[in-house]
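Input: a single structure, listed below in structure tokens.
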Amino acid sequence: MAYIEPAPIKDKHNPFESMMVRFNDAAKILNLDDETYEVLKRPHKVVIVSLPVTMDNGKIQVFEGYRVIHSNILGPAKGGIRYDLGVHLDEVKALAAWMTWKCAVVDIPYGGAKGGVICDPRSMSAGELERLTRAYTSSLVDVFGPDQDIPAPDMGTGQREMAWLMDEYSKAQGRTVNAVVTGKPLVLGGSLGRVEATGRGVMVSTLAAMEKMKINPAKATCAVQGFGNVGSNTAILLEDRGLKICGISDHTGAYWNADGIDLEKAVAYKNANKGVLQGFTGGDLITNDQLLEMEVDVLIPAAKEDVITPENAGNIKAKLIVEGANGPTAAAADKILFENKVAVVPDILANAGGVTVSYFEWVQNRIGYKWPLDRINRRTDRAMKDAFETVYQTAVNYKISLRLAAYVVAIRKVAETYKFRGGY
Ligand code: GLU
């Protein structure tokens, strides 16, 4: 029997604390009453599960998994499932709260949740991952549900895991329930456009911010950290709109080419190279830390949390940061960026395109009908542009950063809804 201990918390930049710093600042601006403050700061439900899984060598390994429902005030809870060795409860709690604020910012009728399992999906076989996903689903069968809590992919999970989850949940119900999860393969009721949706939303919010800042996309340079689903789709879509993508990266390293990275080559290389960029020759090899400090107009951190810190924030040369990842900027770095006039489109706005199309997927499942791609893209673009404009106007009105403005918009909405619904 083996058991993977949770990794020690990187206490210097605890994501839950980062979330709370912003929440507290926004609560002050809104004059949030004590009662609502106490309700919104705590997760509604925290579930810890222990998952014994038979590995390919015949031995049982016990994995620890989490599901945190931060809020179900606006509607059923919604949020992805993360498979990573760095998963820990405070991270999942922060990610769940960010889902609450994200859904409120883009005005979709969901609360926020997140799940995670401490595991290294890259070192596990498909069979092991399937057994783990089914064990996780089966342990949470009373928590999940199309009207309760709707999971989706996040780091380390994708369509394949969502298909297993749907199947396991459906077996427990004795019927097919495809609306219990989003980010499914198309044939299982997945939505057109869901795979690219987060990158598409990042692209739309980047262009909206550039328009306000009067930066011409055809003359702009950009670096994207992370080449997973979010990073690679963002890079491709921004290149389509005229930006030159000079830097890309994944966890194995970063690649810089001042003439622009050939993204088609990078994608083909990654697909032929076990999903990693290691050894890619289309740019000079630099580190992920260096990538963040390169001379570009737009920087898109689309990998992990806490990569922009008080230590490196002062060295960032980009005029605009658009957060494709959840929580890539530690709260302690916000002030430095604000003082240096670096505009930041925050995660809870910038990467909300993913959950927006998840919502469309859930709606299609519930009405039993499939929308064409152009309708999905049109509605996603509209939702992202409207959300950007609301946050931008709030930032102007209160003379605050876009991040704080996004929290103000979100918390105001959830607080108002809570007032109508009430407690016990
Ligand atoms: N994991 C994604 C996020 O952080 C998507 C969540 C969802 O679609 O429910 O926004």
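For the structure tokens, the naming scheme is as follows: chains receive sequential letters (A, B, ...) according to their order of presentation, residues are indexed from 1 within each chain, and ligands are indexed from 1 in presentation order.
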
DSSP strand (DSSP E or B) residues within range 102-272 of chain A, listed as an MDAnalysis selection string: chainID A and resid 111:118 145 149:153 221:225 244:250 253:256

Env. residues ligand 1 / 6 Å / only C-alpha atoms and all ligand atoms / as a VMD selection string: chain A and resid 78 to 80 151 to 154 352 354 to 355 358

Given only C-alpha atoms, how would the per-residue table for range 158-203 of chain A near range 116-135 of chain A read, listing every residue at most 8 Å away with its closest atom pair and distance in Å to one decimal, sorted by chain and number, as a tab-separated table?
```
residue	atom	partner	partner_atom	distance
A:Glu161	CA	A:Thr133	CA	6.5
A:Trp164	CA	A:Arg134	CA	6.4
A:Leu165	CA	A:Arg134	CA	6.2
A:Glu168	CA	A:Arg134	CA	5.9
```

Among listed residues A:Gly158, A:Gly189, A:Pro52, A:Gly199, nearest Tyr83 in chain A (using only C-alpha atoms):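 The closest residue to Tyr83 in chain A is A:Gly158.
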
Given only C-alpha atoms as the counted atoms, nearest of A:Ser18, A:Lys45, A:Asp33, A:Asp25 to Ile400 in chain A: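 Of all the options, A:Asp25 lies closest to Ile400 in chain A.
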
Residues flagged helix (DSSP H, G or I) by DSSP in range 257-402 of chain A, as number ranges by chain: A: 263-272, 288-292, 313-315, 331-339, 347-350, 353-367, 373-398, 402

All residues 8 Å or closer to Phe388 in chain A, only C-alpha atoms, same chain fewer than 2 positions away omitted, as a PyMOL selection string: chain A and resi 205+208+349+384-386+390-392

Just N, CA, C and O atoms for this one: save the residues we selected as a tab-separated table (two decimals), in the first residue's frame.
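Below is the file that was written, part-v6.tsv:
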```
chain	number	residue	atom	x	y	z
A	205	SER	N	-10.63	39.05	-24.43
A	205	SER	CA	-10.35	40.06	-23.40
A	205	SER	C	-9.02	40.77	-23.66
A	205	SER	O	-8.87	41.94	-23.31
A	208	ALA	N	-9.88	43.39	-26.22
A	208	ALA	CA	-10.68	44.46	-25.61
A	208	ALA	C	-9.77	45.39	-24.81
A	208	ALA	O	-9.90	46.62	-24.88
A	349	LEU	N	-11.89	37.25	-14.91
A	349	LEU	CA	-12.50	37.78	-16.12
A	349	LEU	C	-11.86	37.12	-17.36
A	349	LEU	O	-12.57	36.55	-18.21
A	384	MET	N	-18.01	37.73	-23.11
A	384	MET	CA	-16.69	38.20	-22.67
A	384	MET	C	-16.57	39.72	-22.84
A	384	MET	O	-16.04	40.40	-21.97
A	385	LYS	N	-17.06	40.22	-23.97
A	385	LYS	CA	-16.96	41.68	-24.22
A	385	LYS	C	-17.80	42.45	-23.20
A	385	LYS	O	-17.35	43.46	-22.67
A	386	ASP	N	-19.01	41.96	-22.95
A	386	ASP	CA	-19.88	42.64	-21.98
A	386	ASP	C	-19.24	42.63	-20.59
A	386	ASP	O	-19.25	43.64	-19.88
A	390	THR	N	-18.11	45.91	-18.35
A	390	THR	CA	-18.64	46.17	-17.00
A	390	THR	C	-17.49	46.34	-16.01
A	390	THR	O	-17.48	47.25	-15.18
A	391	VAL	N	-16.51	45.46	-16.11
A	391	VAL	CA	-15.37	45.53	-15.19
A	391	VAL	C	-14.57	46.80	-15.45
A	391	VAL	O	-14.17	47.52	-14.53
A	392	TYR	N	-14.37	47.12	-16.72
A	392	TYR	CA	-13.59	48.31	-17.08
A	392	TYR	C	-14.26	49.57	-16.53
A	392	TYR	O	-13.60	50.41	-15.91
```

Shell around range 85-102 of chain A at 8 Å using only C-alpha atoms, local window under 2 positions removed, as a ChimeraX atom specification: /A:6-7,9,14-17,19,43,66-71,77-79,82-83,104-106,110-120,326,347-349,352,407,410-411

Polymer residues at most 9 Å from range 369-371 of chain A, only C-alpha atoms, same-chain spacing of 3 or more positions, as a list in words: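 Everything that qualifies: Gly189, Ser191, Leu192, Phe360, Glu361, Val363, Gln364, Asn365, Arg366, Asp374, Arg375 and Ile376 of chain A.
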
Once you have the residues from the selection above, write them out as a short mmCIF file (atom, residue, chain, number, x, y, z; two decimals), in the first residue's frame, restricted to N, CA and C atoms.
```
data_model
loop_
_atom_site.label_atom_id
_atom_site.label_comp_id
_atom_site.auth_asym_id
_atom_site.auth_seq_id
_atom_site.Cartn_x
_atom_site.Cartn_y
_atom_site.Cartn_z
N GLY A 189 -22.18 14.41 -25.89
CA GLY A 189 -22.94 15.61 -25.54
C GLY A 189 -22.05 16.79 -25.21
N SER A 191 -19.81 20.17 -26.14
CA SER A 191 -20.19 21.29 -27.00
C SER A 191 -19.10 21.61 -28.01
N LEU A 192 -19.53 21.98 -29.20
CA LEU A 192 -18.56 22.54 -30.15
C LEU A 192 -17.94 23.76 -29.48
N PHE A 360 -22.96 26.76 -21.79
CA PHE A 360 -23.69 26.48 -23.04
C PHE A 360 -23.81 24.96 -23.26
N GLU A 361 -22.77 24.23 -22.88
CA GLU A 361 -22.83 22.76 -23.01
C GLU A 361 -23.95 22.19 -22.14
N VAL A 363 -26.56 23.79 -20.98
CA VAL A 363 -27.86 24.21 -21.52
C VAL A 363 -28.25 23.28 -22.68
N GLN A 364 -27.33 23.00 -23.59
CA GLN A 364 -27.63 22.13 -24.74
C GLN A 364 -28.02 20.73 -24.25
N ASN A 365 -27.31 20.21 -23.25
CA ASN A 365 -27.64 18.89 -22.70
C ASN A 365 -29.06 18.88 -22.14
N ARG A 366 -29.41 19.96 -21.48
CA ARG A 366 -30.71 19.99 -20.81
C ARG A 366 -31.87 20.17 -21.79
N ASP A 374 -20.85 28.60 -34.79
CA ASP A 374 -20.90 30.06 -34.91
C ASP A 374 -21.78 30.68 -33.82
N ARG A 375 -22.84 29.98 -33.42
CA ARG A 375 -23.69 30.51 -32.35
C ARG A 375 -22.92 30.53 -31.03
N ILE A 376 -22.19 29.46 -30.78
CA ILE A 376 -21.44 29.38 -29.52
C ILE A 376 -20.36 30.47 -29.47
#
```

Spatial neighbours of Pro301 in chain A, max dist 12 Å, only C-alpha atoms, sep filter under 6 positions, as a ChimeraX atom specification: /A:199,202,222-228,230-232,234-235,247-250,288-289,291-293,307-308,316,318,320-329,344-347,350-351

Quick one: residues within 8 Å of Lys41 in chain A, only C-alpha atoms, excluding same-chain residues fewer than 3 positions away - as a PDB file with N, CA and C atoms, in the first residue's frame?
```
ATOM      1  N   MET A  20      -8.139  35.823  -0.655  1.00  0.00           N
ATOM      2  CA  MET A  20      -8.777  36.557   0.447  1.00  0.00           C
ATOM      3  C   MET A  20      -8.344  38.023   0.503  1.00  0.00           C
ATOM      4  N   PHE A  23     -10.456  39.679  -1.979  1.00  0.00           N
ATOM      5  CA  PHE A  23     -11.843  39.642  -1.499  1.00  0.00           C
ATOM      6  C   PHE A  23     -12.054  40.716  -0.421  1.00  0.00           C
ATOM      7  N   TYR A  37     -20.315  39.084   4.576  1.00  0.00           N
ATOM      8  CA  TYR A  37     -18.870  38.821   4.524  1.00  0.00           C
ATOM      9  C   TYR A  37     -18.556  37.428   5.077  1.00  0.00           C
ATOM     10  N   GLU A  38     -19.136  37.125   6.233  1.00  0.00           N
ATOM     11  CA  GLU A  38     -18.874  35.824   6.871  1.00  0.00           C
ATOM     12  C   GLU A  38     -19.375  34.674   6.002  1.00  0.00           C
TER      13      GLU A  38
END
```
